[in-house]
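A.B. asks: The file below is model-v5.cif, mmCIF, C-alpha atoms and all ligand atoms; chains and numbers go by the auth columns:
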```cif
data_upload
#
loop_
_atom_site.group_PDB
_atom_site.id
_atom_site.type_symbol
_atom_site.label_atom_id
_atom_site.label_comp_id
_atom_site.label_asym_id
_atom_site.label_seq_id
_atom_site.Cartn_x
_atom_site.Cartn_y
_atom_site.Cartn_z
_atom_site.B_iso_or_equiv
_atom_site.auth_seq_id
_atom_site.auth_asym_id
ATOM 1 C CA MET A 1 -26.808 8.118 -114.121 0.00 359 A
ATOM 2 C CA THR A 2 -24.276 6.756 -116.558 0.00 360 A
ATOM 3 C CA LEU A 3 -20.627 6.247 -115.823 0.00 361 A
ATOM 4 C CA ASP A 4 -19.457 9.136 -118.012 0.00 362 A
ATOM 5 C CA LYS A 5 -21.771 11.564 -116.185 0.00 363 A
ATOM 6 C CA ILE A 6 -20.350 10.407 -112.860 0.00 364 A
ATOM 7 C CA ILE A 7 -16.840 10.947 -114.207 0.00 365 A
ATOM 8 C CA VAL A 8 -17.722 14.456 -115.376 0.00 366 A
ATOM 9 C CA ILE A 9 -19.171 15.281 -111.947 0.00 367 A
ATOM 10 C CA LEU A 10 -16.093 13.902 -110.186 0.00 368 A
ATOM 11 C CA ILE A 11 -13.776 15.936 -112.420 0.00 369 A
ATOM 12 C CA GLY A 12 -15.860 19.035 -111.699 0.00 370 A
ATOM 13 C CA LEU A 13 -15.734 18.460 -107.948 0.00 371 A
ATOM 14 C CA SER A 14 -11.993 17.911 -107.973 0.00 372 A
ATOM 15 C CA LEU A 15 -11.511 21.131 -109.953 0.00 373 A
ATOM 16 C CA ILE A 16 -13.569 23.037 -107.383 0.00 374 A
ATOM 17 C CA ALA A 17 -11.572 21.456 -104.559 0.00 375 A
ATOM 18 C CA GLY A 18 -8.338 22.368 -106.341 0.00 376 A
ATOM 19 C CA ILE A 19 -9.396 25.995 -106.729 0.00 377 A
ATOM 20 C CA ALA A 20 -10.499 26.194 -103.085 0.00 378 A
ATOM 21 C CA TRP A 21 -7.164 24.685 -102.015 0.00 379 A
ATOM 22 C CA PHE A 22 -5.294 27.172 -104.165 0.00 380 A
ATOM 23 C CA PHE A 23 -6.997 30.189 -102.616 0.00 381 A
ATOM 24 C CA TRP A 24 -7.617 29.063 -99.049 0.00 382 A
ATOM 25 C CA GLY A 25 -5.245 26.194 -98.469 0.00 383 A
ATOM 26 C CA PRO A 26 -2.239 26.564 -96.177 0.00 384 A
ATOM 27 C CA ARG A 27 0.442 28.806 -97.589 0.00 385 A
ATOM 28 C CA ALA A 28 3.412 26.809 -98.670 0.00 386 A
ATOM 29 C CA GLY A 29 6.867 28.235 -98.339 0.00 387 A
ATOM 30 C CA GLY A 30 7.571 30.831 -95.733 0.00 388 A
ATOM 31 C CA PHE A 31 10.548 33.107 -95.436 0.00 389 A
ATOM 32 C CA ARG A 32 13.809 31.440 -96.403 0.00 390 A
ATOM 33 C CA ALA A 33 16.542 32.777 -94.132 0.00 391 A
ATOM 34 C CA PRO A 34 19.513 33.794 -96.294 0.00 392 A
ATOM 35 C CA LEU A 35 23.062 32.853 -95.399 0.00 393 A
ATOM 36 C CA THR A 36 24.962 35.908 -94.170 0.00 394 A
ATOM 37 C CA SER A 37 28.631 36.519 -93.507 0.00 395 A
ATOM 38 C CA GLY A 38 29.734 34.519 -90.513 0.00 396 A
ATOM 39 C CA GLY A 39 27.850 31.493 -91.747 0.00 397 A
ATOM 40 C CA TYR A 40 24.554 32.240 -90.041 0.00 398 A
ATOM 41 C CA GLN A 41 21.203 31.801 -91.650 0.00 399 A
ATOM 42 C CA GLU A 42 19.682 35.043 -90.593 0.00 400 A
ATOM 43 C CA ALA A 43 16.220 36.582 -90.507 0.00 401 A
ATOM 44 C CA MET A 44 14.561 39.629 -89.012 0.00 402 A
ATOM 45 C CA VAL A 45 11.293 38.939 -87.230 0.00 403 A
ATOM 46 C CA LEU A 46 8.932 41.770 -86.482 0.00 404 A
ATOM 47 C CA VAL A 47 6.881 41.310 -83.332 0.00 405 A
ATOM 48 C CA LYS A 48 3.656 43.230 -83.613 0.00 406 A
ATOM 49 C CA GLY A 49 0.331 41.511 -83.165 0.00 407 A
ATOM 50 C CA GLY A 50 2.140 38.301 -84.104 0.00 408 A
ATOM 51 C CA TYR A 51 5.386 37.349 -85.781 0.00 409 A
ATOM 52 C CA THR A 52 6.265 38.568 -89.260 0.00 410 A
ATOM 53 C CA PRO A 53 7.356 36.390 -90.970 0.00 411 A
ATOM 54 C CA ASP A 54 5.745 33.618 -88.961 0.00 412 A
ATOM 55 C CA VAL A 55 7.230 30.772 -90.989 0.00 413 A
ATOM 56 C CA ILE A 56 11.003 30.773 -91.368 0.00 414 A
ATOM 57 C CA VAL A 57 12.713 28.144 -93.463 0.00 415 A
ATOM 58 C CA VAL A 58 16.322 27.135 -92.778 0.00 416 A
ATOM 59 C CA GLN A 59 18.673 24.303 -93.662 0.00 417 A
ATOM 60 C CA HIS A 60 19.758 21.887 -90.951 0.00 418 A
ATOM 61 C CA GLY A 61 23.346 21.726 -89.776 0.00 419 A
ATOM 62 C CA ARG A 62 24.026 25.452 -90.018 0.00 420 A
ATOM 63 C CA PRO A 63 23.575 27.976 -87.227 0.00 421 A
ATOM 64 C CA VAL A 64 20.532 30.227 -87.311 0.00 422 A
ATOM 65 C CA ARG A 65 20.238 33.743 -85.995 0.00 423 A
ATOM 66 C CA LEU A 66 16.805 35.284 -85.646 0.00 424 A
ATOM 67 C CA ASN A 67 16.733 38.984 -84.897 0.00 425 A
ATOM 68 C CA PHE A 68 13.529 39.816 -83.120 0.00 426 A
ATOM 69 C CA ARG A 69 12.335 43.383 -83.071 0.00 427 A
ATOM 70 C CA ARG A 70 9.333 44.054 -80.893 0.00 428 A
ATOM 71 C CA ASP A 71 7.353 46.995 -82.094 0.00 429 A
ATOM 72 C CA GLU A 72 4.602 47.099 -79.501 0.00 430 A
ATOM 73 C CA SER A 73 4.192 47.452 -75.767 0.00 431 A
ATOM 74 C CA ALA A 74 1.587 44.740 -75.164 0.00 432 A
ATOM 75 C CA ALA A 75 2.866 42.491 -72.359 0.00 433 A
ATOM 76 C CA CYS A 76 1.787 39.462 -74.352 0.00 434 A
ATOM 77 C CA SER A 77 4.776 39.524 -76.665 0.00 435 A
ATOM 78 C CA GLU A 78 7.375 40.402 -74.038 0.00 436 A
ATOM 79 C CA MET A 79 8.997 36.974 -74.229 0.00 437 A
ATOM 80 C CA VAL A 80 9.691 34.679 -77.116 0.00 438 A
ATOM 81 C CA VAL A 81 10.097 30.992 -76.334 0.00 439 A
ATOM 82 C CA PHE A 82 11.717 28.268 -78.410 0.00 440 A
ATOM 83 C CA GLY A 83 10.615 25.262 -76.385 0.00 441 A
ATOM 84 C CA ASP A 84 12.317 22.640 -78.534 0.00 442 A
ATOM 85 C CA PHE A 85 15.666 24.390 -78.136 0.00 443 A
ATOM 86 C CA GLY A 86 15.179 25.287 -74.481 0.00 444 A
ATOM 87 C CA LYS A 87 15.675 28.946 -75.307 0.00 445 A
ATOM 88 C CA SER A 88 13.742 32.061 -74.510 0.00 446 A
ATOM 89 C CA ALA A 89 14.461 35.761 -74.491 0.00 447 A
ATOM 90 C CA ARG A 90 12.969 38.997 -73.271 0.00 448 A
ATOM 91 C CA LEU A 91 12.176 41.425 -76.039 0.00 449 A
ATOM 92 C CA PRO A 92 12.404 45.005 -74.829 0.00 450 A
ATOM 93 C CA GLU A 93 10.313 47.285 -77.004 0.00 451 A
ATOM 94 C CA GLY A 94 12.194 48.702 -79.979 0.00 452 A
ATOM 95 C CA GLU A 95 15.362 46.694 -79.420 0.00 453 A
ATOM 96 C CA ILE A 96 16.740 43.986 -81.642 0.00 454 A
ATOM 97 C CA VAL A 97 17.293 40.767 -79.746 0.00 455 A
ATOM 98 C CA ALA A 98 19.169 37.981 -81.510 0.00 456 A
ATOM 99 C CA ILE A 99 18.402 34.355 -80.798 0.00 457 A
ATOM 100 C CA GLU A 100 20.917 31.817 -82.022 0.00 458 A
ATOM 101 C CA LEU A 101 19.944 28.235 -82.633 0.00 459 A
ATOM 102 C CA MET A 102 21.576 25.187 -84.087 0.00 460 A
ATOM 103 C CA PRO A 103 19.058 23.000 -85.922 0.00 461 A
ATOM 104 C CA GLU A 104 20.807 19.639 -86.101 0.00 462 A
ATOM 105 C CA LYS A 105 18.203 17.761 -88.074 0.00 463 A
ATOM 106 C CA PRO A 106 15.197 18.424 -90.280 0.00 464 A
ATOM 107 C CA GLY A 107 11.889 19.073 -88.594 0.00 465 A
ATOM 108 C CA GLU A 108 9.544 21.791 -87.429 0.00 466 A
ATOM 109 C CA HIS A 109 9.788 23.845 -84.280 0.00 467 A
ATOM 110 C CA THR A 110 7.247 26.312 -83.040 0.00 468 A
ATOM 111 C CA PHE A 111 8.117 29.490 -81.234 0.00 469 A
ATOM 112 C CA THR A 112 5.583 31.371 -79.188 0.00 470 A
ATOM 113 C CA CYS A 113 5.093 34.202 -76.779 0.00 471 A
ATOM 114 C CA GLN A 114 5.116 33.066 -73.172 0.00 472 A
ATOM 115 C CA MET A 115 1.359 32.483 -73.164 0.00 473 A
ATOM 116 C CA GLY A 116 1.367 30.776 -76.518 0.00 474 A
ATOM 117 C CA MET A 117 -0.887 33.302 -78.219 0.00 475 A
ATOM 118 C CA PHE A 118 1.594 34.415 -80.835 0.00 476 A
ATOM 119 C CA ARG A 119 2.951 31.538 -82.850 0.00 477 A
ATOM 120 C CA GLY A 120 5.616 31.070 -85.434 0.00 478 A
ATOM 121 C CA ARG A 121 7.304 28.112 -87.019 0.00 479 A
ATOM 122 C CA LEU A 122 10.901 27.347 -87.791 0.00 480 A
ATOM 123 C CA VAL A 123 10.990 24.832 -90.607 0.00 481 A
ATOM 124 C CA VAL A 124 14.282 22.960 -90.816 0.00 482 A
ATOM 125 C CA GLU A 125 14.986 21.246 -94.130 0.00 483 A
HETATM 126 CU CU CU B . 1.202 36.248 -75.319 0.00 501 A
#
```
Take the structure in the file and write it out as structure tokens.
Ligand SMILES: [Cu+2]

C.D. replies:
Amino acid sequence: MTLDKIIVILIGLSLIAGIAWFFWGPRAGGFRAPLTSGGYQEAMVLVKGGYTPDVIVVQHGRPVRLNFRRDESAACSEMVVFGDFGKSARLPEGEIVAIELMPEKPGEHTFTCQMGMFRGRLVVE
């Protein structure tokens, strides 16, 4: 096999890998919480078989308010826990429960149901 054939094969493989990454790779982005009146970065999170959106992007140094609305009765999702912030809340079905956080520095924080089956991420930029 000559060098140019090897190069062609390598280019082909990297193209295939790029296409696979594009379709099946982790989704970049997430929901960017907009700044609302009062200076909060605010997002609604639907709780139903998981968290929607499950990735919420905020800026550090500004308060965050996440309004959870639980639309199911499964006991699994009854609590939401932000371990890194030492916060948790009960989510009565059909009610909007606000959780306020202050992300001081960039990083990633997971939030889960009390058993850790539902998972979401707060990405702080
Ligand atoms: Cu659970």

A.B. asks: Would you mind telling me which residue in A:Met359, A:Val482, A:Leu424, A:Met437 lies nearest to A:Ala401 when using only C-alpha atoms?

C.D. replies: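 Between A:Met359, A:Val482, A:Leu424, A:Met437, the residue approaching A:Ala401 most closely is A:Leu424.
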
A.B. asks: Would you pick out the contacts of A:Lys406 at 8 Å or less, using only C-alpha atoms, so that residues sharing its chain but fewer than 6 positions from it are not included, and give the list as a PyMOL selection string?

C.D. replies: chain A and resi 428-430+435

A.B. asks: How would you write, as a PyMOL selection string, the set of residues no farther than 8 Å from ligand CU 501 (chain A) when counting all atoms listed in the file?

C.D. replies: chain A and resi 433-437+470-476

A.B. asks: Okay, now the selection with C-alpha atoms, as an mmCIF file, in the frame of the given file?

C.D. replies:
```
data_model
loop_
_atom_site.group_PDB
_atom_site.id
_atom_site.type_symbol
_atom_site.label_atom_id
_atom_site.label_comp_id
_atom_site.auth_asym_id
_atom_site.auth_seq_id
_atom_site.Cartn_x
_atom_site.Cartn_y
_atom_site.Cartn_z
ATOM 1 C CA ALA A 433 2.866 42.491 -72.359
ATOM 2 C CA CYS A 434 1.787 39.462 -74.352
ATOM 3 C CA SER A 435 4.776 39.524 -76.665
ATOM 4 C CA GLU A 436 7.375 40.402 -74.038
ATOM 5 C CA MET A 437 8.997 36.974 -74.229
ATOM 6 C CA THR A 470 5.583 31.371 -79.188
ATOM 7 C CA CYS A 471 5.093 34.202 -76.779
ATOM 8 C CA GLN A 472 5.116 33.066 -73.172
ATOM 9 C CA MET A 473 1.359 32.483 -73.164
ATOM 10 C CA GLY A 474 1.367 30.776 -76.518
ATOM 11 C CA MET A 475 -0.887 33.302 -78.219
ATOM 12 C CA PHE A 476 1.594 34.415 -80.835
#
```

A.B. asks: Out of A:Tyr398, A:Tyr409, A:Phe389, A:Phe426, which residue has the shortest atom-to-atom distance to A:Arg448 when counting all atoms listed in the file?

C.D. replies: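 Of A:Tyr398, A:Tyr409, A:Phe389, A:Phe426, the one nearest A:Arg448 is A:Phe426, counting all atoms listed in the file.
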
A.B. asks: In Å, how far is it from atom CA of A:Ser395 to atom CA of A:Glu453?

C.D. replies: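 A separation of 21.9 Å between them.
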
A.B. asks: From the set A:Arg420, A:Lys445, A:Lys363, A:Arg477, which residue has the shortest atom-to-atom contact distance to A:Ile457, counting all atoms listed in the file?

C.D. replies: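 Smallest separation from A:Ile457 among the options: A:Lys445.
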
A.B. asks: Evaluate the PyMOL selection byres (((chain A and resi 441) around 9) and not hetatm) here and jot the selected residues down as a list in words.

C.D. replies: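 When the PyMOL selection byres (((chain A and resi 441) around 9) and not hetatm) is applied, the selected residues are Val439, Phe440, Asp442, Phe443, Gly444, Lys445, Ser446, His467, Thr468, Phe469 and Thr470 of chain A.
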
A.B. asks: Counting all atoms listed in the file, what is within 12 Å of A:Val416, bar same-chain residues fewer than 3 positions away, as a ChimeraX atom specification?

C.D. replies: /A:387-393,398-401,413,419-424,459-467,479-483

A.B. asks: Would you compute the distance between atom CA of A:Arg427 and atom CA of A:Met402? Give it in Å to one decimal.

C.D. replies: 7.4 Å

A.B. asks: At what distance in Å, to one decimal, does atom CA of A:His418 lie from atom CA of A:Pro450?

C.D. replies: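 Those two atoms sit 29.1 Å apart.
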
A.B. asks: For each of A:Gly397, A:Gly478, A:Gly407, A:Asp412, take the minimum atom-to-atom distance to A:Glu458, counting all atoms listed in the file, then give the residue where this is smallest.

C.D. replies: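 The shortest atom-to-atom distance to A:Glu458 comes from A:Gly397.
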